[in-house]
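**Q** Quick one, structure.cif (mmCIF, C-alpha atoms):
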data_protein
#
loop_
_atom_site.label_atom_id
_atom_site.label_comp_id
_atom_site.auth_asym_id
_atom_site.auth_seq_id
_atom_site.Cartn_x
_atom_site.Cartn_y
_atom_site.Cartn_z
CA MET A 928 -10.06 -103.84 165.68
CA GLN A 929 -11.61 -100.50 166.73
CA MET A 930 -15.35 -100.74 167.30
CA SER A 931 -15.51 -96.94 167.55
CA ALA A 932 -14.01 -96.65 164.04
CA LEU A 933 -16.59 -99.10 162.68
CA LEU A 934 -19.49 -97.25 164.36
CA THR A 935 -18.17 -93.98 162.97
CA LYS A 936 -18.02 -95.52 159.49
CA MET A 937 -21.56 -96.88 159.78
CA ALA A 938 -22.78 -93.47 160.99
CA LEU A 939 -21.18 -91.95 157.88
CA PHE A 940 -22.98 -94.54 155.75
CA VAL A 941 -26.34 -93.66 157.33
CA ILE A 942 -25.87 -89.91 156.95
CA VAL A 943 -24.81 -90.07 153.30
CA ILE A 944 -27.53 -92.63 152.45
CA LEU A 945 -30.14 -90.33 154.01
CA ILE A 946 -28.73 -87.40 152.02
CA GLY A 947 -29.06 -89.48 148.86
CA MET A 948 -32.62 -90.51 149.72
CA PHE A 949 -33.55 -86.90 150.47
CA GLY A 950 -32.01 -85.75 147.18
CA ALA A 951 -33.96 -88.41 145.26
CA ARG A 952 -37.28 -87.55 146.92
CA LYS A 953 -36.73 -83.86 146.16
CA LYS A 954 -35.89 -84.73 142.53
CA ILE A 955 -32.42 -83.23 142.94
CA LEU A 956 -30.77 -86.57 142.24
CA THR A 957 -32.47 -88.01 139.17
CA LYS A 958 -32.31 -91.41 137.46
CA GLU A 959 -29.95 -89.93 134.90
CA PHE A 960 -27.72 -88.76 137.75
CA ASN A 961 -27.79 -92.26 139.26
CA ARG A 962 -26.79 -93.86 135.97
CA GLY A 963 -23.88 -91.46 135.51
CA LEU A 964 -22.69 -91.74 139.11
CA SER A 965 -23.05 -95.53 139.00
CA TRP A 966 -20.78 -95.68 135.95
CA LEU A 967 -18.17 -93.46 137.62
CA VAL A 968 -18.22 -95.39 140.90
CA VAL A 969 -17.94 -98.82 139.26
CA ASN A 970 -15.46 -97.94 136.53
CA ILE A 971 -13.28 -95.28 138.19
CA PHE A 972 -13.56 -95.02 141.96
CA ILE A 973 -13.87 -98.71 142.87
CA VAL A 974 -11.06 -99.53 140.43
CA ALA A 975 -8.88 -96.97 142.22
CA ALA A 976 -9.89 -98.44 145.59
CA VAL A 977 -9.00 -101.98 144.48
CA ILE A 978 -5.60 -100.97 143.06
CA ASN A 979 -4.91 -98.72 146.07
CA SER A 980 -5.65 -101.60 148.45
CA VAL A 981 -2.79 -103.54 146.84
CA ILE A 982 -0.16 -100.81 146.55
CA SER A 983 -0.88 -99.77 150.16
CA MET A 984 0.12 -103.22 151.43
CA ASP A 985 3.55 -104.48 152.31
CA ALA A 986 4.86 -106.69 149.49
CA SER A 987 5.20 -109.55 151.97
CA SER A 988 1.56 -109.35 153.12
CA PHE A 989 0.53 -112.47 151.18
CA THR A 990 2.36 -115.29 149.45
CA MET A 991 0.97 -116.78 146.24
CA GLY A 992 -0.16 -119.80 148.24
CA GLU A 993 -2.08 -117.51 150.61
CA LEU A 994 -3.70 -115.77 147.65
CA GLY A 995 -4.91 -119.15 146.41
CA PHE A 996 -6.30 -119.98 149.85
CA ILE A 997 -8.12 -116.62 150.04
CA LEU A 998 -9.67 -117.29 146.65
CA LEU A 999 -10.72 -120.79 147.76
CA ILE A 1000 -12.33 -119.53 150.99
CA SER A 1001 -14.10 -116.75 149.05
CA CYS A 1002 -15.48 -119.33 146.61
CA VAL A 1003 -16.73 -121.52 149.46
CA THR A 1004 -18.37 -118.54 151.18
CA TYR A 1005 -20.24 -117.37 148.08
CA VAL A 1006 -21.38 -120.90 147.23
CA VAL A 1007 -22.70 -121.31 150.78
CA LEU A 1008 -24.60 -118.01 150.52
CA TYR A 1009 -26.23 -119.17 147.28
CA LEU A 1010 -27.10 -122.56 148.78
CA LEU A 1011 -28.68 -120.93 151.84
CA GLY A 1012 -30.77 -118.62 149.63
CA ALA A 1013 -31.88 -121.45 147.34
CA LEU A 1014 -32.75 -123.82 150.19
CA THR A 1015 -34.64 -121.17 152.17
CA VAL A 1016 -36.79 -120.18 149.21
CA ARG A 1017 -37.55 -123.77 148.24
CA ILE A 1018 -38.17 -125.17 151.74
CA LEU A 1019 -40.55 -122.34 152.64
CA ARG A 1020 -42.24 -122.48 149.22
CA VAL A 1021 -42.08 -118.80 148.39
CA ASP A 1022 -44.43 -117.46 145.70
CA LYS A 1023 -43.06 -118.45 142.27
CA GLU A 1024 -43.11 -114.88 140.97
CA LYS A 1025 -41.05 -113.56 143.88
CA ALA A 1026 -38.85 -116.62 144.40
CA PRO A 1027 -36.03 -115.86 141.88
CA GLN A 1028 -35.58 -112.28 143.09
CA LEU A 1029 -35.88 -113.23 146.77
CA GLU A 1030 -33.30 -115.99 146.30
CA LEU A 1031 -30.84 -113.53 144.79
CA LEU A 1032 -31.58 -110.92 147.46
CA MET A 1033 -30.51 -113.58 149.98
CA SER A 1034 -27.48 -114.71 147.98
CA VAL A 1035 -25.98 -111.62 146.29
CA ILE A 1036 -24.36 -109.23 148.75
CA ASN A 1037 -23.29 -105.62 148.23
CA ASN A 1038 -19.61 -106.51 148.30
CA LEU A 1039 -18.17 -103.39 146.64
CA PHE A 1040 -20.37 -100.57 147.97
CA VAL A 1041 -20.74 -101.82 151.57
CA THR A 1042 -18.61 -104.88 152.40
CA LEU A 1043 -15.31 -103.54 151.05
CA PRO A 1044 -15.30 -100.22 152.96
CA VAL A 1045 -16.54 -101.91 156.15
CA VAL A 1046 -13.86 -104.61 156.00
CA GLU A 1047 -11.23 -101.99 155.18
CA THR A 1048 -12.26 -100.07 158.31
CA ILE A 1049 -11.89 -103.20 160.46
CA TYR A 1050 -8.85 -104.88 158.89
CA GLY A 1051 -7.16 -102.23 156.74
CA SER A 1052 -5.87 -102.60 153.17
CA LYS A 1053 -5.33 -106.37 153.54
CA GLY A 1054 -9.02 -106.80 154.29
CA ALA A 1055 -10.00 -104.62 151.34
CA PHE A 1056 -7.83 -106.71 149.02
CA ILE A 1057 -9.45 -109.93 150.29
CA ILE A 1058 -12.92 -108.58 149.43
CA ALA A 1059 -11.67 -107.33 146.05
CA LEU A 1060 -10.24 -110.77 145.28
CA GLY A 1061 -13.68 -112.19 146.03
CA CYS A 1062 -14.97 -110.32 142.96
CA ILE A 1063 -13.82 -113.29 140.89
CA PRO A 1064 -16.13 -115.98 142.34
CA PHE A 1065 -18.79 -113.31 142.97
CA ASN A 1066 -19.04 -112.43 139.27
CA LEU A 1067 -18.80 -116.05 138.14
CA LEU A 1068 -21.75 -117.09 140.29
CA LEU A 1069 -23.90 -114.00 139.72
CA PHE A 1070 -23.61 -113.94 135.93
CA THR A 1071 -24.03 -117.69 135.47
CA TYR A 1072 -26.42 -119.22 138.00
CA GLY A 1073 -27.86 -115.89 139.26
CA LEU A 1074 -28.68 -114.49 135.85
CA ALA A 1075 -30.05 -117.84 134.66
CA ARG A 1076 -32.33 -117.95 137.73
CA LEU A 1077 -33.79 -114.57 136.83
CA ARG A 1078 -34.15 -115.40 133.15
CA GLY A 1079 -35.95 -118.67 133.87
CA LYS A 1080 -36.16 -121.45 131.32
CA GLY A 1081 -34.59 -120.70 127.98
CA GLY A 1082 -32.16 -118.09 129.29
CA LYS A 1083 -28.82 -118.01 127.47
CA PHE A 1084 -25.40 -117.75 129.08
CA ARG A 1085 -23.05 -115.11 127.69
CA PHE A 1086 -19.39 -115.17 128.69
CA LYS A 1087 -19.07 -111.40 128.39
CA ASP A 1088 -21.59 -111.01 131.24
CA ILE A 1089 -18.94 -112.28 133.66
CA LEU A 1090 -16.47 -109.58 132.72
CA SER A 1091 -16.75 -106.32 134.63
CA THR A 1092 -14.40 -103.42 135.31
CA PRO A 1093 -13.97 -104.29 139.04
CA LEU A 1094 -13.20 -107.90 138.09
CA LEU A 1095 -10.57 -106.80 135.55
CA ALA A 1096 -9.17 -104.36 138.14
CA THR A 1097 -8.90 -107.22 140.63
CA VAL A 1098 -6.99 -109.34 138.12
CA ALA A 1099 -4.69 -106.37 137.42
CA ALA A 1100 -4.20 -105.89 141.17
CA VAL A 1101 -3.25 -109.55 141.61
CA LEU A 1102 -0.68 -109.21 138.80
CA LEU A 1103 0.76 -106.04 140.35
CA PHE A 1104 1.07 -107.87 143.63
CA ALA A 1105 2.43 -111.11 142.19
CA PHE A 1106 5.17 -109.41 140.16
CA ARG A 1107 5.89 -106.73 142.80
CA VAL A 1108 5.48 -103.95 140.24
CA PRO A 1109 6.78 -100.66 141.69
CA VAL A 1110 4.27 -97.79 141.60
CA PRO A 1111 5.67 -94.21 141.57
CA THR A 1112 4.77 -92.02 144.57
CA PRO A 1113 2.72 -89.45 142.54
CA ILE A 1114 0.53 -92.25 141.14
CA ARG A 1115 0.13 -93.71 144.64
CA SER A 1116 -1.01 -90.32 145.89
CA ILE A 1117 -3.51 -89.82 143.05
CA LEU A 1118 -4.96 -93.32 143.45
CA GLY A 1119 -5.23 -92.83 147.22
CA SER A 1120 -7.12 -89.55 146.79
CA ILE A 1121 -9.55 -91.03 144.25
CA ALA A 1122 -10.04 -94.16 146.39
CA ALA A 1123 -10.93 -91.98 149.39
CA ALA A 1124 -13.99 -90.70 147.51
CA THR A 1125 -15.33 -94.22 146.86
CA VAL A 1126 -17.23 -94.67 150.13
CA PRO A 1127 -19.16 -91.36 150.23
CA LEU A 1128 -20.02 -91.55 146.52
CA SER A 1129 -21.10 -95.19 146.83
CA MET A 1130 -23.36 -94.42 149.79
CA LEU A 1131 -24.80 -91.40 147.96
CA LEU A 1132 -25.61 -93.70 145.04
CA VAL A 1133 -27.21 -96.26 147.36
CA GLY A 1134 -29.35 -93.56 148.99
CA SER A 1135 -30.44 -91.95 145.74
CA SER A 1136 -31.27 -95.36 144.26
CA LEU A 1137 -33.49 -96.20 147.26
CA GLY A 1138 -35.16 -92.80 147.50
CA SER A 1139 -38.23 -93.76 145.46
CA VAL A 1140 -39.04 -96.90 147.49
CA ASP A 1141 -42.08 -96.88 149.78
CA LEU A 1142 -40.52 -98.10 153.02
CA ARG A 1143 -43.85 -98.70 154.77
CA LYS A 1144 -45.04 -100.93 151.95
CA ALA A 1145 -41.75 -102.81 151.95
CA LEU A 1146 -41.90 -103.48 155.69
CA GLY A 1147 -45.49 -104.70 155.31
CA ASP A 1148 -44.42 -107.55 153.01
CA LYS A 1149 -43.98 -110.77 155.04
CA SER A 1150 -41.27 -112.03 152.71
CA MET A 1151 -39.10 -109.09 153.87
CA LEU A 1152 -39.07 -110.63 157.35
CA LEU A 1153 -37.86 -113.88 155.81
CA LEU A 1154 -35.20 -112.00 153.86
CA THR A 1155 -33.86 -110.14 156.89
CA ALA A 1156 -33.83 -113.30 159.04
CA GLU A 1157 -31.82 -115.20 156.41
CA ARG A 1158 -29.53 -112.29 155.53
CA PHE A 1159 -28.66 -111.10 159.03
CA LEU A 1160 -29.14 -114.17 161.27
CA LEU A 1161 -28.81 -117.44 159.36
CA ALA A 1162 -26.09 -116.50 156.85
CA PRO A 1163 -23.60 -114.86 159.29
CA VAL A 1164 -23.96 -117.66 161.86
CA VAL A 1165 -23.54 -120.44 159.27
CA VAL A 1166 -20.48 -118.76 157.72
CA PHE A 1167 -19.02 -118.05 161.18
CA LEU A 1168 -19.32 -121.74 162.16
CA LEU A 1169 -17.95 -122.83 158.77
CA MET A 1170 -14.92 -120.53 159.11
CA LYS A 1171 -14.21 -122.04 162.53
CA LEU A 1172 -13.90 -125.40 160.80
CA ILE A 1173 -11.97 -124.56 157.64
CA CYS A 1174 -10.20 -121.19 158.07
CA PRO A 1175 -7.50 -120.70 160.75
CA ASP A 1176 -6.74 -117.16 159.50
CA GLU A 1177 -8.72 -114.79 161.75
CA LEU A 1178 -8.53 -111.85 159.33
CA LEU A 1179 -9.81 -113.89 156.39
CA ALA A 1180 -12.49 -115.57 158.51
CA GLY A 1181 -13.66 -112.20 159.84
CA ALA A 1182 -13.85 -110.74 156.35
CA MET A 1183 -16.04 -113.66 155.24
CA VAL A 1184 -18.38 -113.24 158.24
CA VAL A 1185 -18.81 -109.53 157.44
CA THR A 1186 -19.46 -110.54 153.83
CA ALA A 1187 -22.24 -112.89 154.98
CA ALA A 1188 -23.76 -110.12 157.12
CA SER A 1189 -23.84 -107.52 154.32
CA PRO A 1190 -27.03 -106.20 152.67
CA SER A 1191 -28.39 -107.28 149.30
CA ALA A 1192 -26.73 -105.87 146.20
CA ILE A 1193 -28.26 -103.15 144.03
CA LEU A 1194 -27.24 -105.34 141.08
CA VAL A 1195 -30.24 -107.58 141.79
CA THR A 1196 -32.61 -104.81 140.70
CA ALA A 1197 -30.51 -103.95 137.66
CA LEU A 1198 -30.46 -107.58 136.52
CA SER A 1199 -34.16 -108.04 137.29
CA LEU A 1200 -35.01 -105.16 134.96
CA GLN A 1201 -32.56 -106.48 132.36
CA THR A 1202 -34.34 -109.87 132.33
CA GLY A 1203 -37.84 -108.41 132.01
CA ARG A 1204 -38.89 -108.60 135.66
CA SER A 1205 -40.24 -105.73 137.74
CA GLY A 1206 -37.56 -104.02 139.80
CA GLU A 1207 -39.97 -102.83 142.50
CA TYR A 1208 -39.83 -105.93 144.72
CA SER A 1209 -36.04 -106.26 144.62
CA SER A 1210 -35.67 -102.52 145.30
CA GLU A 1211 -37.79 -102.93 148.42
CA GLY A 1212 -35.60 -105.80 149.61
CA ILE A 1213 -32.42 -103.82 148.97
CA THR A 1214 -33.80 -100.81 150.85
CA VAL A 1215 -34.80 -102.87 153.90
CA THR A 1216 -31.52 -104.83 154.09
CA THR A 1217 -29.32 -101.77 153.47
CA LEU A 1218 -30.93 -99.70 156.21
CA LEU A 1219 -31.01 -102.59 158.70
CA SER A 1220 -27.37 -103.47 157.96
CA MET A 1221 -26.30 -100.18 159.49
CA ILE A 1222 -27.32 -101.77 162.82
CA THR A 1223 -26.78 -105.47 162.17
CA ILE A 1224 -23.20 -105.28 160.83
CA PRO A 1225 -21.80 -103.67 164.03
CA LEU A 1226 -23.82 -106.19 166.08
CA THR A 1227 -22.40 -109.09 164.05
CA VAL A 1228 -18.85 -107.79 164.50
CA PHE A 1229 -19.40 -107.29 168.24
CA LEU A 1230 -21.03 -110.69 168.85
CA LEU A 1231 -19.10 -112.94 166.45
CA LEU A 1232 -15.75 -111.26 165.92
#
Can you turn what I pasted into structure tokens?

**A**
Amino acid sequence: MQMSALLTKMALFVIVILIGMFGARKKILTKEFNRGLSWLVVNIFIVAAVINSVISMDASSFTMGELGFILLISCVTYVVLYLLGALTVRILRVDKEKAPQLELLMSVINNLFVTLPVVETIYGSKGAFIIALGCIPFNLLLFTYGLARLRGKGGKFRFKDILSTPLLATVAAVLLFAFRVPVPTPIRSILGSIAAATVPLSMLLVGSSLGSVDLRKALGDKSMLLLTAERFLLAPVVVFLLMKLICPDELLAGAMVVTAASPSAILVTALSLQTGRSGEYSSEGITVTTLLSMITIPLTVFLLL
């Protein structure tokens, strides 16, 4: 693992995020731009990154049994993150209005826009595929328990909420891998080129989405201190200790620790708005955790991995 490569990647994240924030504040990058770019990133670029992560691997990288174990460990990790968020909010008796959003800010990590490129930098295409495979339990938890938590009493579950383009791409990637489907060189090249644009475009989207947030106001909210303590101290340490007990695979364990140390997902704001809640509070939490993660992720890797 090259710490210099990780620091370089995080520096790239910071620079592009700041460019996005600057563009948003100057009204160059508008909400309409964000919606369009978000659609492209989720439905085109991340799909290419997920597929590319599989075709870039040696066919013998994982057996089917190992794939099942990866999926099991991913499920355990995401369940633990949700339990930590739920327990923290309830034990500390957070304000009822903020509690659902704060719980999800603690539980739902930015696995595609931040975790995947970071893990790929540390562990290569195998690491990226592990994070992509985690899309399955990630979506199942977010669009069942997570969405119900935001909707409150009377919220209805819809099966179609679970389905997303990255999830379908992950399933397709697993099938490609399982059946060893040969991919022609020109297609490999095209997918690789598109996948290479995923990180800068994702970070630009993150920056432009956070550009309208008042950072001083966000830092003045005491619940943000609680969020950062849970997200960057409690969660990584708990998952690290858990992996020591149940996961002998160092690569898989490391990927799960980085997952636990990742910032809150932008999806929390999108779902908050969708369920009739204000998106301001969740946007503040996402801004704080995203900016801090540029420092805390390298520290977590250095101290725990």

**Q** Using all atoms listed in the file, can you tell me which of A:Phe1104, A:Tyr1009, A:Phe1159, A:Phe1040 comes closest to Leu994 in chain A?

**A** A:Phe1104

**Q** So how many Å separate CA of Asn1037 in chain A and CA of Ala1188 in chain A, to one decimal?

**A** 10.0 Å

**Q** Select, from A:Glu1047, A:Asp1176, A:Glu1207, A:Glu1030, the residue with the minimum atom-to-atom distance to Leu1154 in chain A, counting all atoms listed in the file.

**A**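 The answer is A:Glu1030, which sits nearest to Leu1154 in chain A.
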
**Q** As a ChimeraX atom specification, please: the residues near range 1066-1081 of chain A (cut-off 12 Å, only C-alpha atoms, same-chain neighbours under 5 positions excluded).

**A** /A:1001-1010,1012-1013,1023-1039,1059-1061,1086-1095,1097,1192,1194-1206,1209

**Q** With C-alpha atoms retained, could you export that selection as a PDB file, in the frame of the given file?

**A**
ATOM      1  CA  SER A1001     -14.100-116.750 149.050  1.00  0.00           C
ATOM      2  CA  CYS A1002     -15.480-119.330 146.610  1.00  0.00           C
ATOM      3  CA  VAL A1003     -16.730-121.520 149.460  1.00  0.00           C
ATOM      4  CA  THR A1004     -18.370-118.540 151.180  1.00  0.00           C
ATOM      5  CA  TYR A1005     -20.240-117.370 148.080  1.00  0.00           C
ATOM      6  CA  VAL A1006     -21.380-120.900 147.230  1.00  0.00           C
ATOM      7  CA  VAL A1007     -22.700-121.310 150.780  1.00  0.00           C
ATOM      8  CA  LEU A1008     -24.600-118.010 150.520  1.00  0.00           C
ATOM      9  CA  TYR A1009     -26.230-119.170 147.280  1.00  0.00           C
ATOM     10  CA  LEU A1010     -27.100-122.560 148.780  1.00  0.00           C
ATOM     11  CA  GLY A1012     -30.770-118.620 149.630  1.00  0.00           C
ATOM     12  CA  ALA A1013     -31.880-121.450 147.340  1.00  0.00           C
ATOM     13  CA  LYS A1023     -43.060-118.450 142.270  1.00  0.00           C
ATOM     14  CA  GLU A1024     -43.110-114.880 140.970  1.00  0.00           C
ATOM     15  CA  LYS A1025     -41.050-113.560 143.880  1.00  0.00           C
ATOM     16  CA  ALA A1026     -38.850-116.620 144.400  1.00  0.00           C
ATOM     17  CA  PRO A1027     -36.030-115.860 141.880  1.00  0.00           C
ATOM     18  CA  GLN A1028     -35.580-112.280 143.090  1.00  0.00           C
ATOM     19  CA  LEU A1029     -35.880-113.230 146.770  1.00  0.00           C
ATOM     20  CA  GLU A1030     -33.300-115.990 146.300  1.00  0.00           C
ATOM     21  CA  LEU A1031     -30.840-113.530 144.790  1.00  0.00           C
ATOM     22  CA  LEU A1032     -31.580-110.920 147.460  1.00  0.00           C
ATOM     23  CA  MET A1033     -30.510-113.580 149.980  1.00  0.00           C
ATOM     24  CA  SER A1034     -27.480-114.710 147.980  1.00  0.00           C
ATOM     25  CA  VAL A1035     -25.980-111.620 146.290  1.00  0.00           C
ATOM     26  CA  ILE A1036     -24.360-109.230 148.750  1.00  0.00           C
ATOM     27  CA  ASN A1037     -23.290-105.620 148.230  1.00  0.00           C
ATOM     28  CA  ASN A1038     -19.610-106.510 148.300  1.00  0.00           C
ATOM     29  CA  LEU A1039     -18.170-103.390 146.640  1.00  0.00           C
ATOM     30  CA  ALA A1059     -11.670-107.330 146.050  1.00  0.00           C
ATOM     31  CA  LEU A1060     -10.240-110.770 145.280  1.00  0.00           C
ATOM     32  CA  GLY A1061     -13.680-112.190 146.030  1.00  0.00           C
ATOM     33  CA  PHE A1086     -19.390-115.170 128.690  1.00  0.00           C
ATOM     34  CA  LYS A1087     -19.070-111.400 128.390  1.00  0.00           C
ATOM     35  CA  ASP A1088     -21.590-111.010 131.240  1.00  0.00           C
ATOM     36  CA  ILE A1089     -18.940-112.280 133.660  1.00  0.00           C
ATOM     37  CA  LEU A1090     -16.470-109.580 132.720  1.00  0.00           C
ATOM     38  CA  SER A1091     -16.750-106.320 134.630  1.00  0.00           C
ATOM     39  CA  THR A1092     -14.400-103.420 135.310  1.00  0.00           C
ATOM     40  CA  PRO A1093     -13.970-104.290 139.040  1.00  0.00           C
ATOM     41  CA  LEU A1094     -13.200-107.900 138.090  1.00  0.00           C
ATOM     42  CA  LEU A1095     -10.570-106.800 135.550  1.00  0.00           C
ATOM     43  CA  THR A1097      -8.900-107.220 140.630  1.00  0.00           C
ATOM     44  CA  ALA A1192     -26.730-105.870 146.200  1.00  0.00           C
ATOM     45  CA  LEU A1194     -27.240-105.340 141.080  1.00  0.00           C
ATOM     46  CA  VAL A1195     -30.240-107.580 141.790  1.00  0.00           C
ATOM     47  CA  THR A1196     -32.610-104.810 140.700  1.00  0.00           C
ATOM     48  CA  ALA A1197     -30.510-103.950 137.660  1.00  0.00           C
ATOM     49  CA  LEU A1198     -30.460-107.580 136.520  1.00  0.00           C
ATOM     50  CA  SER A1199     -34.160-108.040 137.290  1.00  0.00           C
ATOM     51  CA  LEU A1200     -35.010-105.160 134.960  1.00  0.00           C
ATOM     52  CA  GLN A1201     -32.560-106.480 132.360  1.00  0.00           C
ATOM     53  CA  THR A1202     -34.340-109.870 132.330  1.00  0.00           C
ATOM     54  CA  GLY A1203     -37.840-108.410 132.010  1.00  0.00           C
ATOM     55  CA  ARG A1204     -38.890-108.600 135.660  1.00  0.00           C
ATOM     56  CA  SER A1205     -40.240-105.730 137.740  1.00  0.00           C
ATOM     57  CA  GLY A1206     -37.560-104.020 139.800  1.00  0.00           C
ATOM     58  CA  SER A1209     -36.040-106.260 144.620  1.00  0.00           C
TER      59      SER A1209
END

**Q** For a quick check of understanding, using only C-alpha atoms, which of A:Thr957, A:Met1183, A:Leu939, A:Ser983 has the smallest distance to Gly1119 in chain A?

**A** A:Ser983

**Q** Quick one: distance from CA of Phe1167 in chain A to CA of Val941 in chain A in Å, one decimal?

**A**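 Computed distance, CA of Phe1167 in chain A to CA of Val941 in chain A, equals 25.8 Å.
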
**Q** With distances taken over all atoms listed in the file, which of A:Ala951, A:Leu945, A:Ala1182, A:Leu956 is nearest to Thr1217 in chain A?

**A** A:Leu945

**Q** For the structure shown, which residues end up in the PyMOL selection byres ((chain A and resi 1137) around 12)? Put them as a ChimeraX atom specification, please?

**A** /A:944-952,956-958,961,1130-1136,1138-1142,1145,1192-1193,1196,1206-1218

**Q** Evaluated on this file, the PyMOL selection byres ((chain A and resi 966-982) around 10) picks out some residues - which ones are they, written as a PDB file with C-alpha atoms, in the coordinates of the input?

**A**
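Written file, selection-v9.pdb:
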ATOM      1  CA  PHE A 960     -27.720 -88.760 137.750  1.00  0.00           C
ATOM      2  CA  ASN A 961     -27.790 -92.260 139.260  1.00  0.00           C
ATOM      3  CA  ARG A 962     -26.790 -93.860 135.970  1.00  0.00           C
ATOM      4  CA  GLY A 963     -23.880 -91.460 135.510  1.00  0.00           C
ATOM      5  CA  LEU A 964     -22.690 -91.740 139.110  1.00  0.00           C
ATOM      6  CA  SER A 965     -23.050 -95.530 139.000  1.00  0.00           C
ATOM      7  CA  SER A 983      -0.880 -99.770 150.160  1.00  0.00           C
ATOM      8  CA  MET A 984       0.120-103.220 151.430  1.00  0.00           C
ATOM      9  CA  ASP A 985       3.550-104.480 152.310  1.00  0.00           C
ATOM     10  CA  ALA A 986       4.860-106.690 149.490  1.00  0.00           C
ATOM     11  CA  SER A 988       1.560-109.350 153.120  1.00  0.00           C
ATOM     12  CA  LEU A1039     -18.170-103.390 146.640  1.00  0.00           C
ATOM     13  CA  PHE A1040     -20.370-100.570 147.970  1.00  0.00           C
ATOM     14  CA  LEU A1043     -15.310-103.540 151.050  1.00  0.00           C
ATOM     15  CA  PRO A1044     -15.300-100.220 152.960  1.00  0.00           C
ATOM     16  CA  GLU A1047     -11.230-101.990 155.180  1.00  0.00           C
ATOM     17  CA  GLY A1051      -7.160-102.230 156.740  1.00  0.00           C
ATOM     18  CA  SER A1052      -5.870-102.600 153.170  1.00  0.00           C
ATOM     19  CA  LYS A1053      -5.330-106.370 153.540  1.00  0.00           C
ATOM     20  CA  GLY A1054      -9.020-106.800 154.290  1.00  0.00           C
ATOM     21  CA  ALA A1055     -10.000-104.620 151.340  1.00  0.00           C
ATOM     22  CA  PHE A1056      -7.830-106.710 149.020  1.00  0.00           C
ATOM     23  CA  ILE A1057      -9.450-109.930 150.290  1.00  0.00           C
ATOM     24  CA  ILE A1058     -12.920-108.580 149.430  1.00  0.00           C
ATOM     25  CA  ALA A1059     -11.670-107.330 146.050  1.00  0.00           C
ATOM     26  CA  LEU A1060     -10.240-110.770 145.280  1.00  0.00           C
ATOM     27  CA  SER A1091     -16.750-106.320 134.630  1.00  0.00           C
ATOM     28  CA  THR A1092     -14.400-103.420 135.310  1.00  0.00           C
ATOM     29  CA  PRO A1093     -13.970-104.290 139.040  1.00  0.00           C
ATOM     30  CA  LEU A1094     -13.200-107.900 138.090  1.00  0.00           C
ATOM     31  CA  LEU A1095     -10.570-106.800 135.550  1.00  0.00           C
ATOM     32  CA  ALA A1096      -9.170-104.360 138.140  1.00  0.00           C
ATOM     33  CA  THR A1097      -8.900-107.220 140.630  1.00  0.00           C
ATOM     34  CA  VAL A1098      -6.990-109.340 138.120  1.00  0.00           C
ATOM     35  CA  ALA A1099      -4.690-106.370 137.420  1.00  0.00           C
ATOM     36  CA  ALA A1100      -4.200-105.890 141.170  1.00  0.00           C
ATOM     37  CA  VAL A1101      -3.250-109.550 141.610  1.00  0.00           C
ATOM     38  CA  LEU A1103       0.760-106.040 140.350  1.00  0.00           C
ATOM     39  CA  PHE A1104       1.070-107.870 143.630  1.00  0.00           C
ATOM     40  CA  ARG A1107       5.890-106.730 142.800  1.00  0.00           C
ATOM     41  CA  VAL A1108       5.480-103.950 140.240  1.00  0.00           C
ATOM     42  CA  PRO A1109       6.780-100.660 141.690  1.00  0.00           C
ATOM     43  CA  VAL A1110       4.270 -97.790 141.600  1.00  0.00           C
ATOM     44  CA  ILE A1114       0.530 -92.250 141.140  1.00  0.00           C
ATOM     45  CA  ARG A1115       0.130 -93.710 144.640  1.00  0.00           C
ATOM     46  CA  SER A1116      -1.010 -90.320 145.890  1.00  0.00           C
ATOM     47  CA  ILE A1117      -3.510 -89.820 143.050  1.00  0.00           C
ATOM     48  CA  LEU A1118      -4.960 -93.320 143.450  1.00  0.00           C
ATOM     49  CA  GLY A1119      -5.230 -92.830 147.220  1.00  0.00           C
ATOM     50  CA  SER A1120      -7.120 -89.550 146.790  1.00  0.00           C
ATOM     51  CA  ILE A1121      -9.550 -91.030 144.250  1.00  0.00           C
ATOM     52  CA  ALA A1122     -10.040 -94.160 146.390  1.00  0.00           C
ATOM     53  CA  ALA A1123     -10.930 -91.980 149.390  1.00  0.00           C
ATOM     54  CA  ALA A1124     -13.990 -90.700 147.510  1.00  0.00           C
ATOM     55  CA  THR A1125     -15.330 -94.220 146.860  1.00  0.00           C
ATOM     56  CA  VAL A1126     -17.230 -94.670 150.130  1.00  0.00           C
ATOM     57  CA  LEU A1128     -20.020 -91.550 146.520  1.00  0.00           C
ATOM     58  CA  SER A1129     -21.100 -95.190 146.830  1.00  0.00           C
ATOM     59  CA  LEU A1132     -25.610 -93.700 145.040  1.00  0.00           C
TER      60      LEU A1132
END

**Q** May I ask which of the residues A:Ala938, A:Val1164, A:Ile1018, A:Met930 is the closest one to Ile1222 in chain A, counting only C-alpha atoms?

**A**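 Closest to Ile1222 in chain A of all the choices is A:Ala938.
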
**Q** Any idea what the distance is between CA of Lys1149 in chain A and CA of Thr1015 in chain A?

**A** 14.3 Å
